[in-house]
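Below you'll find the structure, written out as structure tokens, and then a few comments.
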Amino acid sequence: MLSNQAGDGKRSSLHGHWSSRMAFVLAVTGSAVGLGNIWKFPYIAGQNGGGAFVLVYLACVVLIGMPVMMSEILIGRRGRRNPVRTMQILGEEEGGSRRWGWVGGMGVIAGIFILSYYSVIAGWTLAYIVKSVSGVFVGATAEVVGAEFENYVGDWRKVGLTHTIFMALSVYVVARGVERGLEQAVRFMVPALLVLMLVLLVYSINSGYFGQGVAFMFTPDFEKLTQDSVLAALGQAFFTLSIGMGAIMAYGAYLPEETSITGASAAVVAADTAIAILAGLAIFPLVFANGLTPADGPGLVFNTLPMAFGQMQGGVFLSTIFFVLLSFAAWTSAIGLMEPAVAWIVERFNKTRAQATVMIGLLIWLLGFGTVLSFNKLSETRFLAGTIFNNVDYLTSNIMLPLGGLLIVWFAGWVMCRNSTSDELGNTGKIFKVWHLAARFLAPVGILFVLLNAVGLIEWIRDRLA
Ligand code: PFF
């Protein structure tokens, strides 16, 4: 049995530890790389006008995402419990208050909400494996591919079924625990996904529209940048890195003492960003080549890539592999989304891992029907940000994750004492100083500014002062 205290007086996790540094990096990469990179990034960039959005997104990843990720891992490793308990314990120990546990609680809820729609979209990728195998995309035109998508998402029973299958798969892995299965899946998946993105990139380069795609992604037109798109860029940075909701904190709890947090974070951020940019470079030329619009929304990837595969030699095979890999990527992310809630239930209510996973899985599955119906029966039901799906997405990515990230980085920078954080980051040199400055000033100020701007507060204050 694992003990609560390691020999040096530090806590050890109740759920086991990663077998190596590589295992941790792979697991966090698996959580980061997912639908956010390949499905979401291109369509959000498309809806927000391209270039300027991409620039703000990259700035958010490096200047805010990186320090938040390091904070989350170090808090997780220091506390070695589920995110709620970890924040409570450290809140008390570091002279703050137990109430910091609420930050973990918000993360648990964010994970549940995010997975409720994530699983539906992951279900789409499962359906697209079957469609690819059946050969419907061979030589298909934009109209055929578009009609195929509409037919499928328009039928709530089909989408409900694939959502159910995906949730069942996620519950299955999470119930089995941290070490088994997960590492193996990621070890093979991320490199394979990179290779397939490169194949698509070569195809895009030859499409005749590559220049237009690159220009759309990298020519910043700041006219198109609204306050809301800056918030969307920040939200996307948090979403794609899996930060702001305790998932990385939960993973950090299983991290061996000697692993470098900075090195691991940098590796994950680099891999995640590379895959998103590659996805954009592969997709936008195809959007232009086929007379589609970048702002088409959540169907963008499903309406472009099958067409590209349909025109390639060996397209059936490549398309199948692609959607299999994308499903894997979604799967390893779903595990991260459930981990805070499951670890919390196991520790708080003394349930077995399997019981906790089934309970949380059922709840998420039920909530998921809000998103299932958003694309068919309830597609006309709109309020606040749009459909039910739009609202869950907006609330989680644009509000809960940035707010969670703000509180986490604030806690690491201002509440935790310098000795604890430098002990975790393993040095007192330059890297620590840079992180500390970023965690105290750059990241919190950046997040606050974007959040307040989006609700119009900065403008309001400016008007008062004018
Ligand atoms: N980072 C994942 C993606 O880009 O698809 C989504 C995600 C996974 C967010 C896990 C949060 C999380 F805890």
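Please note that chains go A, B, ... in the order of the structure tokens, that every chain numbers its residues from 1, and that ligands are numbered from 1 in the order shown.
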* To do: Give as a list of chain:residue names the residues surrounding ligand 1 up to a distance of 7 Å, considering only C-alpha atoms and all ligand atoms.
  =>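 Using only C-alpha atoms and all ligand atoms, everything at most 7 Å from ligand 1 comes to A:Ser31, A:Ala32, A:Val33, A:Gly34, A:Leu35, A:Gly36, A:Asn37, A:Gly111, A:Phe239, A:Thr240, A:Leu241, A:Ser242, A:Ile243, A:Met245, A:Gly246, A:Ala247, A:Ile248, A:Ala330, A:Ser333, A:Ala334, A:Gly336, A:Leu337.
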Using the selection just defined, write its residues with N, CA, C and O atoms as a PDB file, in the first residue's frame.
ATOM      1  N   SER A  31      -2.992  14.847 -22.687  1.00  0.00           N
ATOM      2  CA  SER A  31      -4.136  15.645 -22.249  1.00  0.00           C
ATOM      3  C   SER A  31      -4.218  16.944 -23.049  1.00  0.00           C
ATOM      4  O   SER A  31      -5.300  17.411 -23.407  1.00  0.00           O
ATOM      5  N   ALA A  32      -3.055  17.525 -23.349  1.00  0.00           N
ATOM      6  CA  ALA A  32      -3.060  18.814 -24.058  1.00  0.00           C
ATOM      7  C   ALA A  32      -3.435  18.651 -25.527  1.00  0.00           C
ATOM      8  O   ALA A  32      -4.265  19.387 -26.056  1.00  0.00           O
ATOM      9  N   VAL A  33      -2.815  17.674 -26.187  1.00  0.00           N
ATOM     10  CA  VAL A  33      -3.088  17.492 -27.612  1.00  0.00           C
ATOM     11  C   VAL A  33      -4.408  16.766 -27.772  1.00  0.00           C
ATOM     12  O   VAL A  33      -4.586  15.662 -27.271  1.00  0.00           O
ATOM     13  N   GLY A  34      -5.335  17.418 -28.446  1.00  0.00           N
ATOM     14  CA  GLY A  34      -6.646  16.787 -28.593  1.00  0.00           C
ATOM     15  C   GLY A  34      -7.483  17.536 -29.613  1.00  0.00           C
ATOM     16  O   GLY A  34      -6.955  18.188 -30.523  1.00  0.00           O
ATOM     17  N   LEU A  35      -8.793  17.468 -29.437  1.00  0.00           N
ATOM     18  CA  LEU A  35      -9.690  18.152 -30.363  1.00  0.00           C
ATOM     19  C   LEU A  35      -9.412  19.650 -30.390  1.00  0.00           C
ATOM     20  O   LEU A  35      -9.647  20.316 -31.390  1.00  0.00           O
ATOM     21  N   GLY A  36      -8.899  20.174 -29.276  1.00  0.00           N
ATOM     22  CA  GLY A  36      -8.604  21.604 -29.196  1.00  0.00           C
ATOM     23  C   GLY A  36      -7.634  22.042 -30.277  1.00  0.00           C
ATOM     24  O   GLY A  36      -7.759  23.142 -30.833  1.00  0.00           O
ATOM     25  N   ASN A  37      -6.667  21.211 -30.598  1.00  0.00           N
ATOM     26  CA  ASN A  37      -5.663  21.587 -31.591  1.00  0.00           C
ATOM     27  C   ASN A  37      -6.185  21.447 -33.014  1.00  0.00           C
ATOM     28  O   ASN A  37      -5.944  22.284 -33.866  1.00  0.00           O
ATOM     29  N   GLY A 111     -14.262  20.681 -15.633  1.00  0.00           N
ATOM     30  CA  GLY A 111     -13.930  19.435 -16.329  1.00  0.00           C
ATOM     31  C   GLY A 111     -15.183  18.683 -16.743  1.00  0.00           C
ATOM     32  O   GLY A 111     -15.282  18.169 -17.865  1.00  0.00           O
ATOM     33  N   PHE A 239      -7.573  26.300 -22.928  1.00  0.00           N
ATOM     34  CA  PHE A 239      -8.224  25.040 -23.302  1.00  0.00           C
ATOM     35  C   PHE A 239      -7.221  24.071 -23.916  1.00  0.00           C
ATOM     36  O   PHE A 239      -7.131  22.907 -23.533  1.00  0.00           O
ATOM     37  N   THR A 240      -6.448  24.582 -24.859  1.00  0.00           N
ATOM     38  CA  THR A 240      -5.554  23.692 -25.590  1.00  0.00           C
ATOM     39  C   THR A 240      -4.438  23.150 -24.694  1.00  0.00           C
ATOM     40  O   THR A 240      -3.960  22.042 -24.870  1.00  0.00           O
ATOM     41  N   LEU A 241      -4.023  23.929 -23.692  1.00  0.00           N
ATOM     42  CA  LEU A 241      -2.969  23.450 -22.795  1.00  0.00           C
ATOM     43  C   LEU A 241      -3.546  22.672 -21.615  1.00  0.00           C
ATOM     44  O   LEU A 241      -2.807  22.210 -20.743  1.00  0.00           O
ATOM     45  N   SER A 242      -4.855  22.545 -21.553  1.00  0.00           N
ATOM     46  CA  SER A 242      -5.541  21.843 -20.446  1.00  0.00           C
ATOM     47  C   SER A 242      -5.306  22.505 -19.094  1.00  0.00           C
ATOM     48  O   SER A 242      -5.292  21.831 -18.067  1.00  0.00           O
ATOM     49  N   ILE A 243      -5.089  23.826 -19.086  1.00  0.00           N
ATOM     50  CA  ILE A 243      -4.792  24.455 -17.793  1.00  0.00           C
ATOM     51  C   ILE A 243      -5.981  25.269 -17.270  1.00  0.00           C
ATOM     52  O   ILE A 243      -6.906  25.576 -18.014  1.00  0.00           O
ATOM     53  N   MET A 245      -7.993  24.304 -14.787  1.00  0.00           N
ATOM     54  CA  MET A 245      -9.082  23.521 -14.178  1.00  0.00           C
ATOM     55  C   MET A 245      -8.596  22.373 -13.306  1.00  0.00           C
ATOM     56  O   MET A 245      -9.373  21.524 -12.904  1.00  0.00           O
ATOM     57  N   GLY A 246      -7.299  22.350 -13.017  1.00  0.00           N
ATOM     58  CA  GLY A 246      -6.808  21.337 -12.081  1.00  0.00           C
ATOM     59  C   GLY A 246      -6.437  20.006 -12.703  1.00  0.00           C
ATOM     60  O   GLY A 246      -5.976  19.118 -11.990  1.00  0.00           O
ATOM     61  N   ALA A 247      -6.623  19.852 -14.020  1.00  0.00           N
ATOM     62  CA  ALA A 247      -6.257  18.576 -14.649  1.00  0.00           C
ATOM     63  C   ALA A 247      -4.749  18.356 -14.528  1.00  0.00           C
ATOM     64  O   ALA A 247      -4.283  17.292 -14.127  1.00  0.00           O
ATOM     65  N   ILE A 248      -3.999  19.410 -14.853  1.00  0.00           N
ATOM     66  CA  ILE A 248      -2.546  19.294 -14.806  1.00  0.00           C
ATOM     67  C   ILE A 248      -2.086  19.223 -13.344  1.00  0.00           C
ATOM     68  O   ILE A 248      -1.080  18.597 -13.024  1.00  0.00           O
ATOM     69  N   ALA A 330      -8.452  12.563 -28.543  1.00  0.00           N
ATOM     70  CA  ALA A 330      -9.592  13.022 -27.743  1.00  0.00           C
ATOM     71  C   ALA A 330      -9.724  12.158 -26.492  1.00  0.00           C
ATOM     72  O   ALA A 330     -10.043  12.650 -25.407  1.00  0.00           O
ATOM     73  N   SER A 333      -7.328  13.082 -23.832  1.00  0.00           N
ATOM     74  CA  SER A 333      -7.713  14.359 -23.225  1.00  0.00           C
ATOM     75  C   SER A 333      -8.895  14.161 -22.284  1.00  0.00           C
ATOM     76  O   SER A 333      -8.974  14.796 -21.227  1.00  0.00           O
ATOM     77  N   ALA A 334      -9.805  13.291 -22.673  1.00  0.00           N
ATOM     78  CA  ALA A 334     -10.990  13.040 -21.847  1.00  0.00           C
ATOM     79  C   ALA A 334     -10.575  12.520 -20.474  1.00  0.00           C
ATOM     80  O   ALA A 334     -11.187  12.846 -19.456  1.00  0.00           O
ATOM     81  N   GLY A 336      -7.917  13.349 -18.845  1.00  0.00           N
ATOM     82  CA  GLY A 336      -7.509  14.511 -18.056  1.00  0.00           C
ATOM     83  C   GLY A 336      -8.714  15.291 -17.550  1.00  0.00           C
ATOM     84  O   GLY A 336      -8.713  15.825 -16.439  1.00  0.00           O
ATOM     85  N   LEU A 337      -9.749  15.357 -18.381  1.00  0.00           N
ATOM     86  CA  LEU A 337     -10.937  16.118 -17.994  1.00  0.00           C
ATOM     87  C   LEU A 337     -11.673  15.461 -16.825  1.00  0.00           C
ATOM     88  O   LEU A 337     -12.286  16.130 -16.013  1.00  0.00           O
TER      89      LEU A 337
END
* To do: Would you mind listing what lies within 7 Å of segment 350-365 of chain A as number ranges by chain, with only C-alpha atoms counted and same-chain residues fewer than 5 positions away left out?
  => A: 112, 115-116, 164, 167, 171, 174-175, 342, 345
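Proximity of A:Leu278, A:Ala232, A:Leu126, A:Val61 to Phe302 of chain A, computed with only C-alpha atoms, is greatest for A:Leu126.
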* DSSP on the backbone: what in segment 116-356 of chain A comes out helix (DSSP H, G or I), as a PyMOL selection string? -> chain A and resi 116-134+142-153+156-176+182-205+210-218+222-224+227-241+247-252+261-289+294-296+300-310+315-349+353-356
Can you tell me which residues surround Asn391 of chain A at a distance of at most 12 Å, considering only C-alpha atoms, apart from same-chain residues fewer than 5 positions away, and format the answer as a PDB file with all heavy atoms, in the first residue's frame?
ATOM      1  N   PHE A 113     -18.226  19.916 -17.238  1.00  0.00           N
ATOM      2  CA  PHE A 113     -18.909  20.641 -18.324  1.00  0.00           C
ATOM      3  C   PHE A 113     -18.180  20.491 -19.657  1.00  0.00           C
ATOM      4  O   PHE A 113     -18.792  20.260 -20.688  1.00  0.00           O
ATOM      5  CB  PHE A 113     -19.019  22.132 -17.988  1.00  0.00           C
ATOM      6  CG  PHE A 113     -20.195  22.465 -17.119  1.00  0.00           C
ATOM      7  CD1 PHE A 113     -20.126  23.492 -16.188  1.00  0.00           C
ATOM      8  CD2 PHE A 113     -21.392  21.767 -17.238  1.00  0.00           C
ATOM      9  CE1 PHE A 113     -21.206  23.814 -15.380  1.00  0.00           C
ATOM     10  CE2 PHE A 113     -22.486  22.074 -16.439  1.00  0.00           C
ATOM     11  CZ  PHE A 113     -22.393  23.101 -15.509  1.00  0.00           C
ATOM     12  N   ILE A 114     -16.853  20.632 -19.609  1.00  0.00           N
ATOM     13  CA  ILE A 114     -16.111  20.550 -20.884  1.00  0.00           C
ATOM     14  C   ILE A 114     -16.288  19.162 -21.499  1.00  0.00           C
ATOM     15  O   ILE A 114     -16.608  19.020 -22.676  1.00  0.00           O
ATOM     16  CB  ILE A 114     -14.609  20.855 -20.705  1.00  0.00           C
ATOM     17  CG1 ILE A 114     -14.409  22.310 -20.288  1.00  0.00           C
ATOM     18  CG2 ILE A 114     -13.840  20.597 -22.012  1.00  0.00           C
ATOM     19  CD1 ILE A 114     -12.966  22.696 -20.026  1.00  0.00           C
ATOM     20  N   TYR A 117     -19.384  18.316 -23.659  1.00  0.00           N
ATOM     21  CA  TYR A 117     -19.467  18.574 -25.118  1.00  0.00           C
ATOM     22  C   TYR A 117     -18.306  17.939 -25.881  1.00  0.00           C
ATOM     23  O   TYR A 117     -18.436  17.548 -27.034  1.00  0.00           O
ATOM     24  CB  TYR A 117     -19.611  20.063 -25.448  1.00  0.00           C
ATOM     25  CG  TYR A 117     -18.369  20.914 -25.370  1.00  0.00           C
ATOM     26  CD1 TYR A 117     -17.418  20.894 -26.378  1.00  0.00           C
ATOM     27  CD2 TYR A 117     -18.165  21.790 -24.314  1.00  0.00           C
ATOM     28  CE1 TYR A 117     -16.291  21.692 -26.318  1.00  0.00           C
ATOM     29  CE2 TYR A 117     -17.032  22.595 -24.243  1.00  0.00           C
ATOM     30  CZ  TYR A 117     -16.104  22.540 -25.244  1.00  0.00           C
ATOM     31  OH  TYR A 117     -14.988  23.326 -25.185  1.00  0.00           O
ATOM     32  N   GLY A 370     -27.289  17.905 -23.903  1.00  0.00           N
ATOM     33  CA  GLY A 370     -27.497  19.319 -24.223  1.00  0.00           C
ATOM     34  C   GLY A 370     -26.773  19.667 -25.515  1.00  0.00           C
ATOM     35  O   GLY A 370     -27.310  20.352 -26.401  1.00  0.00           O
ATOM     36  N   THR A 371     -25.547  19.176 -25.653  1.00  0.00           N
ATOM     37  CA  THR A 371     -24.766  19.453 -26.868  1.00  0.00           C
ATOM     38  C   THR A 371     -25.245  18.611 -28.041  1.00  0.00           C
ATOM     39  O   THR A 371     -25.355  19.111 -29.172  1.00  0.00           O
ATOM     40  CB  THR A 371     -23.265  19.220 -26.600  1.00  0.00           C
ATOM     41  OG1 THR A 371     -22.819  20.203 -25.680  1.00  0.00           O
ATOM     42  CG2 THR A 371     -22.462  19.316 -27.876  1.00  0.00           C
ATOM     43  N   SER A 374     -27.978  20.358 -29.563  1.00  0.00           N
ATOM     44  CA  SER A 374     -27.674  21.702 -30.069  1.00  0.00           C
ATOM     45  C   SER A 374     -27.489  21.733 -31.577  1.00  0.00           C
ATOM     46  O   SER A 374     -27.528  22.791 -32.201  1.00  0.00           O
ATOM     47  CB  SER A 374     -26.379  22.229 -29.448  1.00  0.00           C
ATOM     48  OG  SER A 374     -26.531  22.404 -28.080  1.00  0.00           O
ATOM     49  N   THR A 381     -32.803  26.889 -30.518  1.00  0.00           N
ATOM     50  CA  THR A 381     -32.920  27.405 -29.149  1.00  0.00           C
ATOM     51  C   THR A 381     -31.655  28.168 -28.801  1.00  0.00           C
ATOM     52  O   THR A 381     -30.606  27.575 -28.596  1.00  0.00           O
ATOM     53  CB  THR A 381     -33.092  26.240 -28.143  1.00  0.00           C
ATOM     54  OG1 THR A 381     -34.152  25.437 -28.619  1.00  0.00           O
ATOM     55  CG2 THR A 381     -33.366  26.725 -26.737  1.00  0.00           C
ATOM     56  N   ARG A 382     -31.758  29.488 -28.798  1.00  0.00           N
ATOM     57  CA  ARG A 382     -30.553  30.285 -28.577  1.00  0.00           C
ATOM     58  C   ARG A 382     -30.735  31.270 -27.439  1.00  0.00           C
ATOM     59  O   ARG A 382     -31.800  31.868 -27.318  1.00  0.00           O
ATOM     60  CB  ARG A 382     -30.185  31.046 -29.849  1.00  0.00           C
ATOM     61  CG  ARG A 382     -29.556  30.123 -30.841  1.00  0.00           C
ATOM     62  CD  ARG A 382     -29.525  30.679 -32.227  1.00  0.00           C
ATOM     63  NE  ARG A 382     -29.182  29.585 -33.134  1.00  0.00           N
ATOM     64  CZ  ARG A 382     -27.952  29.367 -33.586  1.00  0.00           C
ATOM     65  NH1 ARG A 382     -26.974  30.168 -33.270  1.00  0.00           N
ATOM     66  NH2 ARG A 382     -27.713  28.340 -34.369  1.00  0.00           N
ATOM     67  N   PHE A 383     -29.721  31.416 -26.618  1.00  0.00           N
ATOM     68  CA  PHE A 383     -29.725  32.417 -25.544  1.00  0.00           C
ATOM     69  C   PHE A 383     -28.270  32.795 -25.265  1.00  0.00           C
ATOM     70  O   PHE A 383     -27.362  32.061 -25.655  1.00  0.00           O
ATOM     71  CB  PHE A 383     -30.411  31.866 -24.293  1.00  0.00           C
ATOM     72  CG  PHE A 383     -29.862  30.542 -23.814  1.00  0.00           C
ATOM     73  CD1 PHE A 383     -28.975  30.487 -22.759  1.00  0.00           C
ATOM     74  CD2 PHE A 383     -30.218  29.349 -24.448  1.00  0.00           C
ATOM     75  CE1 PHE A 383     -28.446  29.264 -22.328  1.00  0.00           C
ATOM     76  CE2 PHE A 383     -29.692  28.131 -24.021  1.00  0.00           C
ATOM     77  CZ  PHE A 383     -28.809  28.088 -22.961  1.00  0.00           C
ATOM     78  N   LEU A 384     -28.062  33.946 -24.670  1.00  0.00           N
ATOM     79  CA  LEU A 384     -26.710  34.442 -24.364  1.00  0.00           C
ATOM     80  C   LEU A 384     -25.710  34.193 -25.500  1.00  0.00           C
ATOM     81  O   LEU A 384     -25.745  34.881 -26.503  1.00  0.00           O
ATOM     82  CB  LEU A 384     -26.198  33.831 -23.053  1.00  0.00           C
ATOM     83  CG  LEU A 384     -27.073  34.118 -21.816  1.00  0.00           C
ATOM     84  CD1 LEU A 384     -26.636  33.270 -20.622  1.00  0.00           C
ATOM     85  CD2 LEU A 384     -27.054  35.583 -21.453  1.00  0.00           C
ATOM     86  N   ALA A 385     -24.851  33.158 -25.358  1.00  0.00           N
ATOM     87  CA  ALA A 385     -23.803  32.954 -26.366  1.00  0.00           C
ATOM     88  C   ALA A 385     -24.280  32.175 -27.593  1.00  0.00           C
ATOM     89  O   ALA A 385     -23.520  31.969 -28.528  1.00  0.00           O
ATOM     90  CB  ALA A 385     -22.607  32.255 -25.727  1.00  0.00           C
ATOM     91  N   GLY A 386     -25.521  31.700 -27.599  1.00  0.00           N
ATOM     92  CA  GLY A 386     -26.011  30.948 -28.760  1.00  0.00           C
ATOM     93  C   GLY A 386     -26.716  29.672 -28.329  1.00  0.00           C
ATOM     94  O   GLY A 386     -27.564  29.685 -27.433  1.00  0.00           O
ATOM     95  N   THR A 396     -17.103  27.742 -20.067  1.00  0.00           N
ATOM     96  CA  THR A 396     -15.918  27.026 -19.595  1.00  0.00           C
ATOM     97  C   THR A 396     -14.626  27.661 -20.137  1.00  0.00           C
ATOM     98  O   THR A 396     -13.784  28.084 -19.359  1.00  0.00           O
ATOM     99  CB  THR A 396     -15.976  25.539 -19.983  1.00  0.00           C
ATOM    100  OG1 THR A 396     -16.311  25.429 -21.365  1.00  0.00           O
ATOM    101  CG2 THR A 396     -17.010  24.806 -19.167  1.00  0.00           C
ATOM    102  N   SER A 397     -14.496  27.758 -21.465  1.00  0.00           N
ATOM    103  CA  SER A 397     -13.224  28.235 -22.030  1.00  0.00           C
ATOM    104  C   SER A 397     -12.969  29.711 -21.743  1.00  0.00           C
ATOM    105  O   SER A 397     -11.842  30.099 -21.463  1.00  0.00           O
ATOM    106  CB  SER A 397     -13.193  28.057 -23.544  1.00  0.00           C
ATOM    107  OG  SER A 397     -13.112  26.708 -23.859  1.00  0.00           O
ATOM    108  N   ASN A 398     -13.997  30.528 -21.867  1.00  0.00           N
ATOM    109  CA  ASN A 398     -13.749  31.971 -21.794  1.00  0.00           C
ATOM    110  C   ASN A 398     -13.914  32.539 -20.389  1.00  0.00           C
ATOM    111  O   ASN A 398     -13.491  33.657 -20.127  1.00  0.00           O
ATOM    112  CB  ASN A 398     -14.661  32.725 -22.758  1.00  0.00           C
ATOM    113  CG  ASN A 398     -14.328  32.397 -24.210  1.00  0.00           C
ATOM    114  OD1 ASN A 398     -13.549  31.491 -24.477  1.00  0.00           O
ATOM    115  ND2 ASN A 398     -14.923  33.122 -25.131  1.00  0.00           N
ATOM    116  N   ILE A 399     -14.558  31.807 -19.495  1.00  0.00           N
ATOM    117  CA  ILE A 399     -14.721  32.345 -18.137  1.00  0.00           C
ATOM    118  C   ILE A 399     -14.059  31.441 -17.085  1.00  0.00           C
ATOM    119  O   ILE A 399     -13.154  31.866 -16.370  1.00  0.00           O
ATOM    120  CB  ILE A 399     -16.213  32.565 -17.809  1.00  0.00           C
ATOM    121  CG1 ILE A 399     -16.800  33.573 -18.810  1.00  0.00           C
ATOM    122  CG2 ILE A 399     -16.363  33.084 -16.370  1.00  0.00           C
ATOM    123  CD1 ILE A 399     -18.282  33.758 -18.733  1.00  0.00           C
TER     124      ILE A 399
END
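For the pair atom CA of Val269 of chain A and atom CA of Met66 of chain A, the interatomic distance is 7.1 Å.
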* Which neighbours of Glu143 of chain A fall inside 12 Å, counting only C-alpha atoms, when residues of the same chain fewer than 3 positions from it are skipped, and could you give them as a ChimeraX atom specification? -> /A:137,139-140,146-151,290-292,303-304,306-307
Write the residues of the preceding selection, restricted to all heavy atoms, as a short mmCIF file (atom, residue, chain, number, x, y, z; two decimals), in the first residue's frame.
data_model
loop_
_atom_site.label_atom_id
_atom_site.label_comp_id
_atom_site.auth_asym_id
_atom_site.auth_seq_id
_atom_site.Cartn_x
_atom_site.Cartn_y
_atom_site.Cartn_z
N PHE A 137 -16.04 9.04 -48.89
CA PHE A 137 -15.35 10.28 -49.22
C PHE A 137 -14.49 10.18 -50.49
O PHE A 137 -13.93 11.18 -50.93
CB PHE A 137 -14.46 10.72 -48.05
CG PHE A 137 -15.24 10.99 -46.79
CD1 PHE A 137 -14.86 10.42 -45.60
CD2 PHE A 137 -16.36 11.81 -46.82
CE1 PHE A 137 -15.58 10.66 -44.44
CE2 PHE A 137 -17.09 12.05 -45.67
CZ PHE A 137 -16.71 11.47 -44.48
N GLY A 139 -13.14 10.65 -53.77
CA GLY A 139 -13.47 11.58 -54.86
C GLY A 139 -14.63 12.52 -54.56
O GLY A 139 -15.17 13.15 -55.48
N ALA A 140 -15.04 12.63 -53.29
CA ALA A 140 -16.23 13.43 -52.96
C ALA A 140 -16.00 14.93 -53.15
O ALA A 140 -14.92 15.45 -52.90
CB ALA A 140 -16.65 13.14 -51.53
N GLY A 146 -20.23 17.91 -47.34
CA GLY A 146 -21.08 18.77 -46.51
C GLY A 146 -22.40 18.09 -46.17
O GLY A 146 -22.86 18.13 -45.03
N ALA A 147 -22.98 17.44 -47.17
CA ALA A 147 -24.28 16.79 -46.95
C ALA A 147 -24.13 15.63 -45.97
O ALA A 147 -24.99 15.38 -45.11
CB ALA A 147 -24.84 16.28 -48.29
N GLU A 148 -23.02 14.92 -46.11
CA GLU A 148 -22.73 13.80 -45.21
C GLU A 148 -22.70 14.29 -43.75
O GLU A 148 -23.27 13.67 -42.85
CB GLU A 148 -21.38 13.21 -45.61
CG GLU A 148 -21.03 11.87 -45.04
CD GLU A 148 -21.94 10.75 -45.53
OE1 GLU A 148 -22.33 10.74 -46.72
OE2 GLU A 148 -22.26 9.90 -44.70
N PHE A 149 -22.05 15.43 -43.55
CA PHE A 149 -21.93 16.00 -42.20
C PHE A 149 -23.31 16.42 -41.67
O PHE A 149 -23.69 16.08 -40.56
CB PHE A 149 -20.97 17.21 -42.24
CG PHE A 149 -20.79 17.88 -40.90
CD1 PHE A 149 -20.06 17.24 -39.90
CD2 PHE A 149 -21.35 19.12 -40.63
CE1 PHE A 149 -19.89 17.85 -38.65
CE2 PHE A 149 -21.19 19.73 -39.39
CZ PHE A 149 -20.45 19.09 -38.40
N GLU A 150 -24.06 17.14 -42.52
CA GLU A 150 -25.38 17.62 -42.10
C GLU A 150 -26.30 16.46 -41.74
O GLU A 150 -27.03 16.49 -40.75
CB GLU A 150 -26.03 18.44 -43.23
CG GLU A 150 -25.35 19.77 -43.50
CD GLU A 150 -25.27 20.66 -42.27
OE1 GLU A 150 -26.23 20.65 -41.47
OE2 GLU A 150 -24.23 21.35 -42.09
N ASN A 151 -26.26 15.42 -42.58
CA ASN A 151 -27.10 14.24 -42.33
C ASN A 151 -26.81 13.62 -40.99
O ASN A 151 -27.72 13.20 -40.27
CB ASN A 151 -26.81 13.16 -43.38
CG ASN A 151 -27.78 13.28 -44.50
OD1 ASN A 151 -28.87 13.83 -44.30
ND2 ASN A 151 -27.40 12.79 -45.68
N ASN A 290 -11.62 25.07 -51.76
CA ASN A 290 -12.93 24.49 -52.01
C ASN A 290 -14.08 25.47 -51.85
O ASN A 290 -15.24 25.07 -51.72
CB ASN A 290 -13.14 23.27 -51.10
CG ASN A 290 -12.21 22.14 -51.50
OD1 ASN A 290 -12.39 21.54 -52.54
ND2 ASN A 290 -11.19 21.91 -50.70
N GLY A 291 -13.73 26.75 -51.83
CA GLY A 291 -14.77 27.77 -51.78
C GLY A 291 -15.54 27.77 -50.47
O GLY A 291 -16.70 28.23 -50.43
N LEU A 292 -14.95 27.25 -49.40
CA LEU A 292 -15.63 27.32 -48.09
C LEU A 292 -15.19 28.60 -47.39
O LEU A 292 -14.29 29.30 -47.86
CB LEU A 292 -15.24 26.11 -47.24
CG LEU A 292 -15.54 24.74 -47.87
CD1 LEU A 292 -14.89 23.62 -47.07
CD2 LEU A 292 -17.05 24.51 -47.94
N ASN A 303 -15.59 19.12 -42.67
CA ASN A 303 -15.98 19.45 -44.04
C ASN A 303 -14.79 19.64 -44.98
O ASN A 303 -14.98 19.76 -46.19
CB ASN A 303 -16.83 20.72 -44.06
CG ASN A 303 -18.25 20.41 -43.62
OD1 ASN A 303 -18.79 19.36 -43.93
ND2 ASN A 303 -18.85 21.33 -42.86
N THR A 304 -13.58 19.72 -44.44
CA THR A 304 -12.44 19.95 -45.32
C THR A 304 -11.56 18.70 -45.45
O THR A 304 -11.28 18.25 -46.56
CB THR A 304 -11.55 21.10 -44.80
OG1 THR A 304 -11.36 20.93 -43.40
CG2 THR A 304 -12.16 22.44 -45.07
N PRO A 306 -11.91 15.37 -44.96
CA PRO A 306 -12.34 14.19 -45.70
C PRO A 306 -12.22 14.38 -47.21
O PRO A 306 -11.88 13.46 -47.95
CB PRO A 306 -13.80 14.03 -45.30
CG PRO A 306 -13.88 14.66 -43.96
CD PRO A 306 -12.94 15.82 -44.01
N MET A 307 -12.47 15.63 -47.64
CA MET A 307 -12.37 15.91 -49.07
C MET A 307 -10.93 15.75 -49.56
O MET A 307 -10.67 15.18 -50.60
CB MET A 307 -12.81 17.36 -49.29
CG MET A 307 -13.56 17.55 -50.53
SD MET A 307 -14.38 19.13 -50.55
CE MET A 307 -13.76 20.04 -49.20
#
* **Selected residue of minimal separation from Asp272 of chain A among A:Pro83, A:Gly456, A:Val28, A:Trp18, counting only C-alpha atoms** =>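 Nearest to Asp272 of chain A: A:Val28.
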* Kindly give the distance, in Å, that separates atom CA of Phe210 of chain A and atom CA of Pro285 of chain A, rounded to a single decimal. =>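 Atom CA of Pro285 of chain A lies at a distance of 4.9 Å from atom CA of Phe210 of chain A.
Each of A:Phe432, A:Ser327, A:Val84, A:Arg440 was checked against Val409 of chain A using only C-alpha atoms; the smallest atom-to-atom distance is that of A:Arg440.
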* Using only C-alpha atoms, which of A:Met69, A:Ala308, A:Ala237, A:Ser229 sits nearest Ala276 of chain A? ->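 The closest residue to Ala276 of chain A is A:Ala237.
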* Asked: Of the residues A:Leu318, A:Val120, A:Val108, A:Val25, which is the one nearest to Met197 of chain A, using only C-alpha atoms?
  ->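 So, comparing all the options, the nearest one is A:Leu318.
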